[in-house]
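Here the structure comes first, spelled out in structure tokens, and everything after it is commentary.
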Amino acid sequence: KMTLSLALVALISAFGSSFQYGYNVSVINSPAPYMQDFYNRTYLNRTGVPMDSSFQTLLWSLTVSMFPLGGLFGSLMVWPMVNNCGRKGTLLINNLFSIAAAVLMGTSELAKTFEVIIFCRVVMGIFAGLASNVVPMFLGEMSPKNLRGAVGVVPQLFITIGILAAQILGLHSILGNANGWPVLLGLTGIPSLLQLLTLPFFPESPRYLLLQKGNEEQARRALQRLRGWEDVDDEIEEMYQEDRSEKEEGQFSVLSLFTFRGLRWQLISIIVMMMGQQLSGVNGVFYYADRIFESAGVDSGSIQYVTVSIGAINVLMTLLAVFIVESLGRRLLLLVGFLLCTASCAVLTMALNLQTTISWMSYLSIACVILYIIGHAIGPSPIPSVMITEMFLQSSRPAAFMVGGSVHWLSNFTVGLVFLYMEAGLGPYSFLIFCAICLATMTYIFFIVPETKNKTFMEINRIMAKRNKVEIHESTELTDSVPLGKKDEKKVLSSSDM
């Protein structure tokens, strides 16, 4: 059952970390003209000449793209930080990045410096890169197996709430105006401050305490608090079983993760899912949405409100995923989600091409955007990070999150960089590329990715062992596995590192 402790720790870590990732993704969309105006004025005051338009474009694209670049740096810090400072410790240290950046961005106009904003976008990116990997890992390790999917979707739910909050606060009538934008940028520090004050009262991940710190007493106490009952022997025993069978390998570095045969398909799967998630065009669709509504005759003053309603659909569908992921399973949600995205991109290409000749096509393109966002929100957005937690065990999980996170942010950065050129060159046909990527990812998931719902980490391992052609010999004490065809090798591979 869901206990108050588990619910609170999920809410605090998701609100303090994941929420801000979403908030910072969309916070600079609304006030962009006012911020560019500030860049111009500052430059004029300093040099006495107005800013060259190409230089302004460069500065603005840096402002936008420094965030995913920072995210990549943040992802690269995951492995060393979670192993040395713990999951909870990393989240607490991470808040300092966000609070510092919020103060600097909030005062940038007073200080008359736009360089600080660009620098802070990198810092917020580092924060988001760490948060987007550490929160799912932290919550995944704390949840019982029957709630792991639902709790694992909570960070993504808060990312969508963050996007929606930034859209609402960014309305011209609220803070998306010439006076309000520094406040809009500075608000991001508040959730971090709240997390810094409340998270220390909650336990660290029991798996980290037991398997990496070797402290059974603390792990037991943490589990008792999270589960709401005294008898946690079964879970402790399962962790020990995992630990015994992992002793052979020690901690995985990223390099050993790539060369270890017993984890081959897990690694390929998370890379495919993370690339599919970002390269499926979700940022392109959000970016295009405003223009699609404009061409459908939505009044330009109302477009902001339509964007907010799309943000609200995104939140509702992710909330739905929290409730259905345990009953329908991960695999089905991924397949259905990518199927909806594939269909939407295909129909959207047609509708955008025909909307000048057939009047009702513009409404069809609005329907496609909404359908795409529904599809992405129930599967491709929330599920991949849940799967990383589930497909890897304690010793390889931090390295796996580092790889998955890096792929996520690199793909995000690539789409941001390439989409404008794609759109200029291909117009509506750029959605056919996204369509193909969605279809390819869906096909891969259909053939390779197993269902992980309601299984222990060890059970998921055994499923993947077959796929990796690794044979598992089980005894009561130890679970060993030997690659087929390599039985002459002396090195014994542990099943739990699958």
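Within each chain, counting starts at residue 1; across the structure tokens, chains are named A, B, ... in the order shown, with ligands numbered 1 upward in that order.
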Problem - Residues near region 96-105 of chain A, cut-off 6 Å, only C-alpha atoms, skip fewer than 4 positions along chain, as a ChimeraX atom specification - result: /A:117,120,124,186,188-189
Store the residues picked out above in a file with N, CA and C atoms, as a PDB file, in the first residue's frame.
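Final output, saved to part.pdb:
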ATOM      1  N   ILE A 117      22.515  35.549 -17.317  1.00  0.00           N
ATOM      2  CA  ILE A 117      21.345  34.709 -17.651  1.00  0.00           C
ATOM      3  C   ILE A 117      21.808  33.478 -18.422  1.00  0.00           C
ATOM      4  N   CYS A 120      23.570  31.153 -16.138  1.00  0.00           N
ATOM      5  CA  CYS A 120      22.632  30.489 -15.217  1.00  0.00           C
ATOM      6  C   CYS A 120      21.790  29.425 -15.915  1.00  0.00           C
ATOM      7  N   MET A 124      21.272  25.866 -14.400  1.00  0.00           N
ATOM      8  CA  MET A 124      19.953  25.230 -14.240  1.00  0.00           C
ATOM      9  C   MET A 124      19.893  23.917 -15.017  1.00  0.00           C
ATOM     10  N   GLY A 186      13.362  34.033 -11.512  1.00  0.00           N
ATOM     11  CA  GLY A 186      13.864  33.859 -10.151  1.00  0.00           C
ATOM     12  C   GLY A 186      13.034  32.911  -9.299  1.00  0.00           C
ATOM     13  N   THR A 188      12.205  30.009  -9.676  1.00  0.00           N
ATOM     14  CA  THR A 188      12.640  28.620  -9.711  1.00  0.00           C
ATOM     15  C   THR A 188      13.370  28.195  -8.433  1.00  0.00           C
ATOM     16  N   GLY A 189      13.844  29.178  -7.653  1.00  0.00           N
ATOM     17  CA  GLY A 189      14.563  28.832  -6.418  1.00  0.00           C
ATOM     18  C   GLY A 189      13.654  28.378  -5.289  1.00  0.00           C
TER      19      GLY A 189
END
Practice task
Give me the residues within 8 Å of Gly129 (chain A) as an MDAnalysis selection string, counting only C-alpha atoms and dropping any in the same chain fewer than 3 places off.
Solution key: chainID A and resid 70:75 125:126 132:133 405 409
For the interface of region 93-203 of chain A with region 25-38 of chain A (cut-off 6 Å, counting only C-alpha atoms), please tabulate each contacting residue of region 93-203 of chain A alongside its nearest pair of atoms and their separation in Å to one decimal, rows sorted by chain and increasing number, as JSON lines.
{"residue": "A:Ile163", "atom": "CA", "partner": "A:Ser26", "partner_atom": "CA", "distance": 5.7}
{"residue": "A:Ala166", "atom": "CA", "partner": "A:Val27", "partner_atom": "CA", "distance": 5.1}
{"residue": "A:Gly170", "atom": "CA", "partner": "A:Ser30", "partner_atom": "CA", "distance": 5.4}
{"residue": "A:Gly176", "atom": "CA", "partner": "A:Pro31", "partner_atom": "CA", "distance": 4.8}
{"residue": "A:Ala178", "atom": "CA", "partner": "A:Tyr34", "partner_atom": "CA", "distance": 5.3}
Written file, previous selection with all heavy atoms, as a PDB file, in the first residue's frame:
ATOM      1  N   ILE A 163       6.039  22.631 -16.483  1.00  0.00           N
ATOM      2  CA  ILE A 163       5.835  23.273 -17.789  1.00  0.00           C
ATOM      3  C   ILE A 163       4.562  24.125 -17.745  1.00  0.00           C
ATOM      4  O   ILE A 163       4.545  25.281 -18.164  1.00  0.00           O
ATOM      5  CB  ILE A 163       5.737  22.214 -18.913  1.00  0.00           C
ATOM      6  CG1 ILE A 163       7.096  21.520 -19.105  1.00  0.00           C
ATOM      7  CG2 ILE A 163       5.281  22.839 -20.232  1.00  0.00           C
ATOM      8  CD1 ILE A 163       7.070  20.342 -20.080  1.00  0.00           C
ATOM      9  N   ALA A 166       4.951  27.305 -15.646  1.00  0.00           N
ATOM     10  CA  ALA A 166       5.697  28.343 -16.365  1.00  0.00           C
ATOM     11  C   ALA A 166       4.824  28.988 -17.441  1.00  0.00           C
ATOM     12  O   ALA A 166       4.916  30.199 -17.694  1.00  0.00           O
ATOM     13  CB  ALA A 166       6.949  27.744 -16.992  1.00  0.00           C
ATOM     14  N   GLY A 170       3.732  32.744 -17.127  1.00  0.00           N
ATOM     15  CA  GLY A 170       4.295  33.496 -18.245  1.00  0.00           C
ATOM     16  C   GLY A 170       3.253  34.219 -19.085  1.00  0.00           C
ATOM     17  O   GLY A 170       3.600  34.871 -20.073  1.00  0.00           O
ATOM     18  N   GLY A 176       4.697  37.421 -17.716  1.00  0.00           N
ATOM     19  CA  GLY A 176       5.355  37.384 -19.027  1.00  0.00           C
ATOM     20  C   GLY A 176       5.360  38.747 -19.678  1.00  0.00           C
ATOM     21  O   GLY A 176       4.879  38.923 -20.795  1.00  0.00           O
ATOM     22  N   ALA A 178       7.325  43.060 -19.559  1.00  0.00           N
ATOM     23  CA  ALA A 178       8.607  43.763 -19.439  1.00  0.00           C
ATOM     24  C   ALA A 178       9.092  43.872 -17.996  1.00  0.00           C
ATOM     25  O   ALA A 178      10.295  43.865 -17.731  1.00  0.00           O
ATOM     26  CB  ALA A 178       8.481  45.153 -20.058  1.00  0.00           C
TER      27      ALA A 178
END
Name the residues in contact with region 274-287 of chain A at a cut-off of 8 Å, using only C-alpha atoms, excluding same-chain residues fewer than 4 positions from it; report them as a PDB file with N, CA and C atoms, in the first residue's frame.
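Output (out14.pdb):
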ATOM      1  N   ILE A 270      17.780   0.915 -23.193  1.00  0.00           N
ATOM      2  CA  ILE A 270      17.583   2.268 -22.625  1.00  0.00           C
ATOM      3  C   ILE A 270      18.070   3.341 -23.595  1.00  0.00           C
ATOM      4  N   CYS A 341       1.760   8.555 -31.409  1.00  0.00           N
ATOM      5  CA  CYS A 341       2.684   9.579 -31.922  1.00  0.00           C
ATOM      6  C   CYS A 341       2.974   9.362 -33.410  1.00  0.00           C
ATOM      7  N   VAL A 369      -2.115  17.420 -32.981  1.00  0.00           N
ATOM      8  CA  VAL A 369      -1.219  17.923 -31.925  1.00  0.00           C
ATOM      9  C   VAL A 369      -1.683  17.378 -30.565  1.00  0.00           C
ATOM     10  N   ILE A 373       0.268  14.702 -28.111  1.00  0.00           N
ATOM     11  CA  ILE A 373       0.655  15.020 -26.726  1.00  0.00           C
ATOM     12  C   ILE A 373       0.080  13.985 -25.759  1.00  0.00           C
ATOM     13  N   HIS A 376       2.319  10.864 -26.156  1.00  0.00           N
ATOM     14  CA  HIS A 376       3.644  11.013 -25.549  1.00  0.00           C
ATOM     15  C   HIS A 376       3.550  10.991 -24.027  1.00  0.00           C
ATOM     16  N   PRO A 380       5.896   7.334 -23.883  1.00  0.00           N
ATOM     17  CA  PRO A 380       7.282   7.737 -24.165  1.00  0.00           C
ATOM     18  C   PRO A 380       7.883   8.720 -23.167  1.00  0.00           C
ATOM     19  N   SER A 381       7.077   9.646 -22.632  1.00  0.00           N
ATOM     20  CA  SER A 381       7.649  10.604 -21.674  1.00  0.00           C
ATOM     21  C   SER A 381       7.994   9.961 -20.330  1.00  0.00           C
ATOM     22  N   PRO A 384      10.412   5.467 -19.894  1.00  0.00           N
ATOM     23  CA  PRO A 384      11.814   5.056 -20.003  1.00  0.00           C
ATOM     24  C   PRO A 384      12.641   5.156 -18.725  1.00  0.00           C
ATOM     25  N   GLY A 404      21.783   6.765 -19.860  1.00  0.00           N
ATOM     26  CA  GLY A 404      20.435   7.144 -20.300  1.00  0.00           C
ATOM     27  C   GLY A 404      20.249   8.650 -20.280  1.00  0.00           C
ATOM     28  N   GLY A 405      20.727   9.280 -19.198  1.00  0.00           N
ATOM     29  CA  GLY A 405      20.586  10.730 -19.061  1.00  0.00           C
ATOM     30  C   GLY A 405      21.366  11.475 -20.130  1.00  0.00           C
ATOM     31  N   VAL A 407      22.197  10.394 -23.101  1.00  0.00           N
ATOM     32  CA  VAL A 407      21.512  10.204 -24.394  1.00  0.00           C
ATOM     33  C   VAL A 407      20.300  11.137 -24.477  1.00  0.00           C
ATOM     34  N   HIS A 408      19.549  11.213 -23.371  1.00  0.00           N
ATOM     35  CA  HIS A 408      18.358  12.060 -23.290  1.00  0.00           C
ATOM     36  C   HIS A 408      18.710  13.517 -23.600  1.00  0.00           C
ATOM     37  N   SER A 411      20.173  14.137 -27.187  1.00  0.00           N
ATOM     38  CA  SER A 411      19.097  14.100 -28.194  1.00  0.00           C
ATOM     39  C   SER A 411      18.258  15.376 -28.124  1.00  0.00           C
ATOM     40  N   ASN A 412      17.972  15.814 -26.896  1.00  0.00           N
ATOM     41  CA  ASN A 412      17.200  17.036 -26.668  1.00  0.00           C
ATOM     42  C   ASN A 412      17.925  18.229 -27.308  1.00  0.00           C
ATOM     43  N   VAL A 415      17.799  18.016 -31.192  1.00  0.00           N
ATOM     44  CA  VAL A 415      16.519  18.441 -31.770  1.00  0.00           C
ATOM     45  C   VAL A 415      16.420  19.961 -31.740  1.00  0.00           C
ATOM     46  N   GLY A 416      16.817  20.559 -30.599  1.00  0.00           N
ATOM     47  CA  GLY A 416      16.764  22.017 -30.483  1.00  0.00           C
ATOM     48  C   GLY A 416      17.612  22.703 -31.541  1.00  0.00           C
ATOM     49  N   PHE A 419      16.165  21.329 -35.448  1.00  0.00           N
ATOM     50  CA  PHE A 419      14.762  21.445 -35.859  1.00  0.00           C
ATOM     51  C   PHE A 419      14.496  22.684 -36.729  1.00  0.00           C
ATOM     52  N   PHE A 431       7.891  16.386 -40.056  1.00  0.00           N
ATOM     53  CA  PHE A 431       7.180  15.462 -39.151  1.00  0.00           C
ATOM     54  C   PHE A 431       7.248  14.013 -39.624  1.00  0.00           C
ATOM     55  N   PHE A 434      10.064  12.430 -37.780  1.00  0.00           N
ATOM     56  CA  PHE A 434       9.632  12.052 -36.426  1.00  0.00           C
ATOM     57  C   PHE A 434       8.759  10.800 -36.464  1.00  0.00           C
ATOM     58  N   CYS A 435       7.911  10.750 -37.494  1.00  0.00           N
ATOM     59  CA  CYS A 435       7.029   9.600 -37.665  1.00  0.00           C
ATOM     60  C   CYS A 435       7.854   8.311 -37.785  1.00  0.00           C
ATOM     61  N   ILE A 437      10.934   7.784 -36.760  1.00  0.00           N
ATOM     62  CA  ILE A 437      11.636   7.498 -35.500  1.00  0.00           C
ATOM     63  C   ILE A 437      10.690   6.834 -34.494  1.00  0.00           C
ATOM     64  N   CYS A 438       9.457   7.354 -34.413  1.00  0.00           N
ATOM     65  CA  CYS A 438       8.457   6.757 -33.504  1.00  0.00           C
ATOM     66  C   CYS A 438       8.175   5.306 -33.893  1.00  0.00           C
ATOM     67  N   THR A 441      11.164   3.034 -33.009  1.00  0.00           N
ATOM     68  CA  THR A 441      11.256   2.795 -31.559  1.00  0.00           C
ATOM     69  C   THR A 441      10.183   1.808 -31.117  1.00  0.00           C
TER      70      THR A 441
END
Exercise for the section: Quick one: pick out all helix (DSSP H, G or I) residues within region 222-450 of chain A from a backbone DSSP run and write them as number ranges by chain. Expected result: A: 222-227, 233-246, 254-259, 261-279, 282-295, 303-328, 330-354, 361-378, 383-391, 397-448
Problem - From A:Leu139, A:Leu339, A:Leu393, A:Ile374, residue lying nearest Lys247 (chain A) [only C-alpha atoms] - result: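 That would be A:Leu393, the residue with the smallest distance to Lys247 (chain A).
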Exercise for the section: Just give me the gap between CA of Ile93 (chain A) and CA of Gly311 (chain A) in Å, one decimal is fine. Expected result: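 That distance, rounded to one decimal, is 29.9 Å.
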Problem - Nearest to Arg207 (chain A), chosen from A:Thr90, A:Asn83, A:Gln304, A:Gln266, with only C-alpha atoms counted in the distances - result: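 Once distances to Arg207 (chain A) are computed over only C-alpha atoms, the minimum belongs to A:Asn83.
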Exercise for the section: Do a neighbour search on Leu147 (chain A) at 12 Å with only C-alpha atoms, toss out local chain neighbours closer than 4 positions, and write the hits as a PyMOL selection string. Expected result: chain A and resi 1-3+6-7+10+139-143+151-154+227+322-327+329+386+452-456
Exercise for the section: Would you mind telling me which residue in A:Val232, A:Met391, A:Met317, A:Leu194 lies nearest to Glu459 (chain A) when using only C-alpha atoms? Expected result: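 Smallest distance to Glu459 (chain A) is found for A:Met391.
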Handout entry: Between CA of Thr307 (chain A) and CA of Leu171 (chain A) - distance in Å to one decimal
Key =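 Computed distance, CA of Leu171 (chain A) to CA of Thr307 (chain A), equals 10.2 Å.
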Practice task
Check the smallest atom-to-atom distance from each of A:Lys469, A:Val298, A:Pro428, A:Glu235 to Lys145 (chain A) using only C-alpha atoms, then report the winner.
Solution key: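 Under the stated criterion, the closest residue is A:Glu235.
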Exercise for the section: For CA of Leu157 (chain A) and CA of Thr318 (chain A), quote the distance in Å rounded to one decimal. Expected result: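 CA of Leu157 (chain A) sits 5.4 Å away from CA of Thr318 (chain A).
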Handout entry: Among the residues A:Leu164, A:Leu211, A:Leu130, A:Ala424, the one that comes closest to Glu237 (chain A) [using only C-alpha atoms]
Key =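 Closest residue, counting only C-alpha atoms: A:Leu211.
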